[in-house]
Amino acid sequence: MAAKTQTMKLLTLPLLVFVLLLSSCAVPAGELLPGSTPETFTISPAAPDSVEPTKTIIWFPATSTWTPFPTVEPSATPVLRPGIGEKIFQDGFKDLKNWSFASTESRGENSIILNRSRLTLAINQPPSALFSLNTNQAWTDFYAEITISANRCFGPDTYGLLFRAASGAYAYRFLLNCSGQARVEQAREGLILPLQKWVPSGDAPSGAPGLVKMGVWVAGVEMRFFLNDHYQFSVIDPYFKNGALGVYANGLSPDGLNISFSDLNVYSVAYVSPTPTPTPSKTPTPSRTPRTTP
């Protein structure tokens with residue numbers, strides 16, 4: 001036991017000497033080691049936070065001044081049948097002598113029949129064309145309207161009104177076909193000249209039965225055409241100056257054609273159609289007549 005105590009003393013003594021030496025080397029707080037430079041620490045004040053300015057809210061923003069729309073002056077409705085005067089002729093289709101080739105009864109396959117206040121062109125043996133003229137007066141400037149009933153009518157068949165006519169072969173023709181189209185043509189010397197090609201019309205009956213009021217306004221060289229009082233088109237042609245009124249039918253389909261005409265009324269027209277200003281042409285300079293050498 002004495003030996004163990006002696007050994008612990010021998011170990012403790014060197015450890016104590018080491019601790020004392022270490023304590024003597026320690027630098028007191030606040031003192032510097034020889035040859036060292038003190039470090040300088042600069043404390044900067046904290047920079048204020050960058051804050052964006054708040055946008056001003058405009059609760060009632062200004063609005064642009066209202067500009068009223070310009071006032072549009074209404075344009076005058078064009079007069080499509082100008083200069084129409086009093087009624088100068090009326091035919092109720094009661095007098096047989098007023099219409100050429102008409103009879104009171106059917107003459108067979110193809111007939112022109114006047115009865116019951118109607119003039120009927122019946123083509124029962126096609127192809128064939130029929131016409132009848134009212135030869136009481138030759139009309140120049142006028143507005144005429146007539147009621148037409150299509151009783152039997154198929155695709156290529158045509159019918160309508162003749163005006164300024166000398167005969168069925170020398171006349172203007174305002175025609176409808178049984179497909180609901182309208183046309184104007186000039187017939188002369190066996191030739192057919194279309195003044196207005198076939199155009200569809202919502203007023204033209206398509207087949208039979210069909211009913212339409214056909215109107216023709218004529219003044220000078222200008223002609224305007226109407227169906228059920230609705231304007232269709234105009235044409236200009238100077239060839240026929242005046243003539244009779246008449247009716248026309250041309251049956252081409254194998255089933256034949258049957259058309260009735262009634263209530264013909266004619267009104268005077270006092271109107272001068274404007275004509276284009278003639279374009280001046282250069283007067284040719286006459287050339288010198290050469291002389292013969294003596």
# chains A, B, ... in the order shown; residues from 1 in each chain; ligands from 1

$ residues_around --residues "stretch 117-133 of chain A" --least-positions-apart "6" --cutoff "7 Å" --atoms "only C-alpha atoms" --output "PyMOL selection string"
chain A and resi 92-94+99-101+109-111+168+244-254+256-262

$ residues_around --residues "A:Arg81" --least-positions-apart "3" --cutoff "9 Å" --atoms "only C-alpha atoms" --output "ChimeraX atom specification"
/A:84,143,217,224,269

$ residues_around --residues "A:Glu105" --least-positions-apart "5" --cutoff "10 Å" --atoms "only C-alpha atoms" --output "PyMOL selection string"
chain A and resi 111-115

$ closest_residue --among "A:Arg164, A:Lys197, A:Gly155, A:Leu176" --to "A:Leu211" --atoms "only C-alpha atoms"
A:Leu176

$ closest_residue --among "A:Leu191, A:Leu80, A:Leu96, A:Ala166" --to "A:Ser273" --atoms "only C-alpha atoms"
A:Leu80

$ atom_distance --atom1 "atom CA of A:Arg188" --atom2 "atom CA of A:Tyr172"
8.9 Å

$ residues_around --residues "stretch 229-238 of chain A" --least-positions-apart "3" --cutoff "8 Å" --atoms "only C-alpha atoms" --output "list in words"
Leu80, Leu195, Gln196, Ser201, Asp203, Lys213, Met214, Gly215, Gly220, Val221, Glu222, Met223, Arg224, Phe225, Phe226 and Lys241 of chain A

$ residues_around --residues "A:Ala171" --least-positions-apart "6" --cutoff "7 Å" --atoms "only C-alpha atoms" --output "list in words"
Leu162, Phe163, Arg164, Ala165, Gln186, Ala187 and Arg188 of chain A

$ write_last_selection --atoms "C-alpha atoms" --output "PDB file, in the first residue's frame"
ATOM      1  CA  LEU A 162     -94.646  42.342-126.472  1.00  0.00           C
ATOM      2  CA  PHE A 163     -94.275  46.129-126.806  1.00  0.00           C
ATOM      3  CA  ARG A 164     -93.434  48.607-129.543  1.00  0.00           C
ATOM      4  CA  ALA A 165     -94.408  45.724-131.803  1.00  0.00           C
ATOM      5  CA  GLN A 186     -85.260  42.405-129.563  1.00  0.00           C
ATOM      6  CA  ALA A 187     -86.819  40.374-132.378  1.00  0.00           C
ATOM      7  CA  ARG A 188     -86.392  41.580-135.954  1.00  0.00           C
TER       8      ARG A 188
END

$ closest_residue --among "A:Leu175, A:Tyr271, A:Ala169, A:Val212" --to "A:Pro82" --atoms "only C-alpha atoms"
A:Tyr271

$ closest_residue --among "A:Asn242, A:Ile148, A:Gly190, A:Phe89" --to "A:Ala204" --atoms "only C-alpha atoms"
A:Ile148

$ select_by_dssp --residues "stretch 58-257 of chain A" --states "strand (DSSP E)" --output "ChimeraX atom specification"
/A:84-91,110-115,118-123,128-139,142-152,158-165,171-177,181-188,191-200,210-219,222-227,230-236,243-251,257
